[in-house]
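Please read the structure below before turning to the comments.
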Amino acid sequence: AQINAMQREDRPLFVCVCGDLVDTESSFSGAIASWKKVMSGWERNLVFEQQVKDFKRVWAGLHPDIALVCLCGNHDVGNRPTRASINHWTSSFGDDYLSFWVNGTFNLCLNNCLFSNPTGAPDLFEEQVRWMEEKLAYARENDATHIFVYGHFPWFLKHEEESDDFLTSYSAAPAGWGPPGSSFADSYFTIPYEQRKIAMAMFKKYDVTACFSGHFHQNVVSKSSWGMPMIVTGPLSMNLSSEIAHELSNGETNGIGMRIVDVGERGKFTHK
């Protein structure tokens, strides 16, 4: 309702949901949700089908003049995606990566769960990498005013050269969620360096305007060494709170909601 109520220059041309549309993927190591541990495959499929119906029922209320773009997250396709887990998701939501133009702006939507761990489907990872460079080159050849990249996982939280063991901080879950004291290593939330450097080289080469993601369950705004913003948006569900939130947030408050991006002249944009 809040999105539909936005009018004139504030009305969005599209909404992008950056992953975790459902929560039935059982491949997590030590998954806290007990039902994921005890349910058999066919039972989880029933839950998946109902969650898909619920998601589509809720988002069917979005006004038809506002497009809805859906990305997959690790709760959709797993921490180690496979061809089967990806096909399971695409059978309900469509392509797991895609691109589109809006008013001279080129938008690149990735399944970067495969960048997080490509070992379950290395052929699909390599295929997407080739496609990504083709599309970035195409965008520059066709004089895109902006190139925005969307994915579930943040590529980094502080800087693009951070090693996989650089972040030693943890993010705490809210009271009442999971066992007392539940927390997650902040390093868990980013793309590993080996896969990240492939993407970063392309983003720098083709002058990507900004990257957007979710997954971290809190707001983060950082930049690459050449000035490309990495913008992480908190969830519509449960916030986490990092021990170093004051270093990562760049002044943004933590909370539940959506991010609005106002695209300006060539290479310029604002967000809140």
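We label chains A, B, ... in the order they appear in the structure tokens, count residues from 1 in each chain, and number ligands from 1 in the order shown.
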Contacts of stretch 231-243 of chain A at 10 Å or less, counting only C-alpha atoms, minus same-chain residues fewer than 4 places along, as JSON, numbers by chain?
-> {"A": [17, 18, 20, 150, 151, 152, 153, 154, 155, 156, 157, 168, 169, 170, 171, 172, 173, 174, 177, 183, 184, 185, 186, 210, 211, 212, 213, 214, 215, 216, 217, 218, 219, 220, 221, 222, 223, 247, 248, 249, 253, 254, 255, 256, 257, 258, 259, 271, 272]}
Name all residues at most 12 Å from A:Ala201 (count only C-alpha atoms; drop same-chain ones fewer than 2 positions away) and give them as a list in words.
-> Val129, Met132, Glu133, Leu136, Glu160, Glu161, Tyr193, Glu194, Gln195, Arg196, Lys197, Ile198, Ala199, Phe203, Lys204, Lys205, Tyr206, Asp207, Val208, Ser224, Ser225, Trp226 and Met228 of chain A
For A:Thr24, the nearest of the candidates A:Trp42, A:Phe115, A:Phe93, A:Phe269, counting only C-alpha atoms |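 Once distances to A:Thr24 are computed over only C-alpha atoms, the minimum belongs to A:Trp42.
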Spatial neighbours of A:Lys56, 12 Å, only C-alpha atoms, chain gap at least 4 places, as a list in words |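 Listing them by chain and then by number gives Leu21, Val22, Glu49, Gln50, Gln51, Val52, Ala60, Gly61, Leu62, Leu68, Cys70, Ser92 and Phe93 of chain A.
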What is the atom CA of A:Pro12 to atom CA of A:Gly94 distance in Å?
->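 Interatomic distance, atom CA of A:Pro12 to atom CA of A:Gly94: 21.7 Å.
The coordinates place atom CA of A:Arg80 at 28.7 Å from atom CA of A:Thr209.
Relative to atom CA of A:Trp101, atom CA of A:Thr145 is found at 10.4 Å.
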Pick from A:Val47, A:Met39, A:Met200, A:Val15 nearest to A:Ala67, counting only C-alpha atoms =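 Closest candidate: A:Val15.
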Mind listing the strand (DSSP E or B) residues of stretch 121-218 of chain A, per DSSP on the backbone, as a list in words?
->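 Answer for stretch 121-218 of chain A, restricted to strand (DSSP E or B): His146, Ile147, Phe148, Val149, Tyr150, Tyr170, Ser171, Ala172, Ser183, Phe184, Ala185, Ala210, Cys211, Phe212 and Ser213 of chain A.
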Produce a file of the selected residues containing N, CA, C and O atoms, as a PDB file, in the first residue's frame.
ATOM      1  N   HIS A 146      23.563   5.014 -16.491  1.00  0.00           N
ATOM      2  CA  HIS A 146      23.923   4.391 -15.224  1.00  0.00           C
ATOM      3  C   HIS A 146      23.939   2.881 -15.441  1.00  0.00           C
ATOM      4  O   HIS A 146      23.191   2.360 -16.289  1.00  0.00           O
ATOM      5  N   ILE A 147      24.753   2.182 -14.676  1.00  0.00           N
ATOM      6  CA  ILE A 147      24.683   0.728 -14.615  1.00  0.00           C
ATOM      7  C   ILE A 147      24.538   0.352 -13.146  1.00  0.00           C
ATOM      8  O   ILE A 147      25.431   0.614 -12.335  1.00  0.00           O
ATOM      9  N   PHE A 148      23.403  -0.245 -12.815  1.00  0.00           N
ATOM     10  CA  PHE A 148      23.159  -0.704 -11.454  1.00  0.00           C
ATOM     11  C   PHE A 148      23.187  -2.230 -11.429  1.00  0.00           C
ATOM     12  O   PHE A 148      22.610  -2.881 -12.306  1.00  0.00           O
ATOM     13  N   VAL A 149      23.843  -2.791 -10.418  1.00  0.00           N
ATOM     14  CA  VAL A 149      23.946  -4.241 -10.266  1.00  0.00           C
ATOM     15  C   VAL A 149      23.244  -4.644  -8.972  1.00  0.00           C
ATOM     16  O   VAL A 149      23.493  -4.056  -7.908  1.00  0.00           O
ATOM     17  N   TYR A 150      22.390  -5.660  -9.073  1.00  0.00           N
ATOM     18  CA  TYR A 150      21.635  -6.148  -7.923  1.00  0.00           C
ATOM     19  C   TYR A 150      21.997  -7.612  -7.657  1.00  0.00           C
ATOM     20  O   TYR A 150      22.144  -8.398  -8.592  1.00  0.00           O
ATOM     21  N   TYR A 170      30.948  -9.975  14.795  1.00  0.00           N
ATOM     22  CA  TYR A 170      29.740 -10.799  14.713  1.00  0.00           C
ATOM     23  C   TYR A 170      28.504  -9.915  14.729  1.00  0.00           C
ATOM     24  O   TYR A 170      28.534  -8.797  15.257  1.00  0.00           O
ATOM     25  N   SER A 171      27.418 -10.444  14.151  1.00  0.00           N
ATOM     26  CA  SER A 171      26.126  -9.767  14.186  1.00  0.00           C
ATOM     27  C   SER A 171      25.167 -10.565  15.052  1.00  0.00           C
ATOM     28  O   SER A 171      24.987 -11.770  14.840  1.00  0.00           O
ATOM     29  N   ALA A 172      24.574  -9.889  16.023  1.00  0.00           N
ATOM     30  CA  ALA A 172      23.677 -10.549  16.968  1.00  0.00           C
ATOM     31  C   ALA A 172      22.253 -10.583  16.440  1.00  0.00           C
ATOM     32  O   ALA A 172      21.779  -9.630  15.808  1.00  0.00           O
ATOM     33  N   SER A 183      24.327 -15.566  17.147  1.00  0.00           N
ATOM     34  CA  SER A 183      25.003 -14.544  16.351  1.00  0.00           C
ATOM     35  C   SER A 183      25.624 -15.186  15.125  1.00  0.00           C
ATOM     36  O   SER A 183      25.755 -16.413  15.038  1.00  0.00           O
ATOM     37  N   PHE A 184      26.011 -14.344  14.177  1.00  0.00           N
ATOM     38  CA  PHE A 184      26.581 -14.805  12.911  1.00  0.00           C
ATOM     39  C   PHE A 184      27.860 -14.019  12.641  1.00  0.00           C
ATOM     40  O   PHE A 184      27.905 -12.797  12.838  1.00  0.00           O
ATOM     41  N   ALA A 185      28.882 -14.708  12.163  1.00  0.00           N
ATOM     42  CA  ALA A 185      30.112 -14.021  11.776  1.00  0.00           C
ATOM     43  C   ALA A 185      29.825 -13.091  10.609  1.00  0.00           C
ATOM     44  O   ALA A 185      29.203 -13.498   9.621  1.00  0.00           O
ATOM     45  N   ALA A 210      26.672   1.572  -9.207  1.00  0.00           N
ATOM     46  CA  ALA A 210      26.488   1.140  -7.820  1.00  0.00           C
ATOM     47  C   ALA A 210      26.001  -0.299  -7.796  1.00  0.00           C
ATOM     48  O   ALA A 210      25.407  -0.786  -8.772  1.00  0.00           O
ATOM     49  N   CYS A 211      26.241  -0.960  -6.668  1.00  0.00           N
ATOM     50  CA  CYS A 211      25.727  -2.305  -6.419  1.00  0.00           C
ATOM     51  C   CYS A 211      24.769  -2.253  -5.238  1.00  0.00           C
ATOM     52  O   CYS A 211      25.015  -1.550  -4.249  1.00  0.00           O
ATOM     53  N   PHE A 212      23.695  -3.034  -5.337  1.00  0.00           N
ATOM     54  CA  PHE A 212      22.699  -3.129  -4.266  1.00  0.00           C
ATOM     55  C   PHE A 212      22.551  -4.589  -3.844  1.00  0.00           C
ATOM     56  O   PHE A 212      22.610  -5.492  -4.684  1.00  0.00           O
ATOM     57  N   SER A 213      22.342  -4.803  -2.563  1.00  0.00           N
ATOM     58  CA  SER A 213      22.138  -6.178  -2.082  1.00  0.00           C
ATOM     59  C   SER A 213      21.305  -6.170  -0.804  1.00  0.00           C
ATOM     60  O   SER A 213      20.973  -5.113  -0.249  1.00  0.00           O
TER      61      SER A 213
END
Closest to A:His75 among A:Leu108, A:Leu46, A:Cys113, A:Leu98, using only C-alpha atoms?
->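 Once distances to A:His75 are computed over only C-alpha atoms, the minimum belongs to A:Cys113.
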List every residue of stretch 9-215 of chain A that DSSP, applied to the backbone, labels as helix (DSSP H, G or I), and write the result as a ChimeraX atom specification.
-> /A:9-10,34-38,41-59,74-77,83-93,113-116,118-120,122-141,186-189,193-205
For A:Pro64, the nearest of the candidates A:Val102, A:Ile86, A:Leu13, A:Val77, counting only C-alpha atoms |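 For A:Pro64, the nearest of the candidates is A:Leu13.
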Neighbour list for A:Thr82 as a PyMOL selection string, cut-off 12 Å, only C-alpha atoms, skip fewer than 2 positions in-chain | chain A and resi 25+27+74+76-80+84-89+111+113-114+117-125
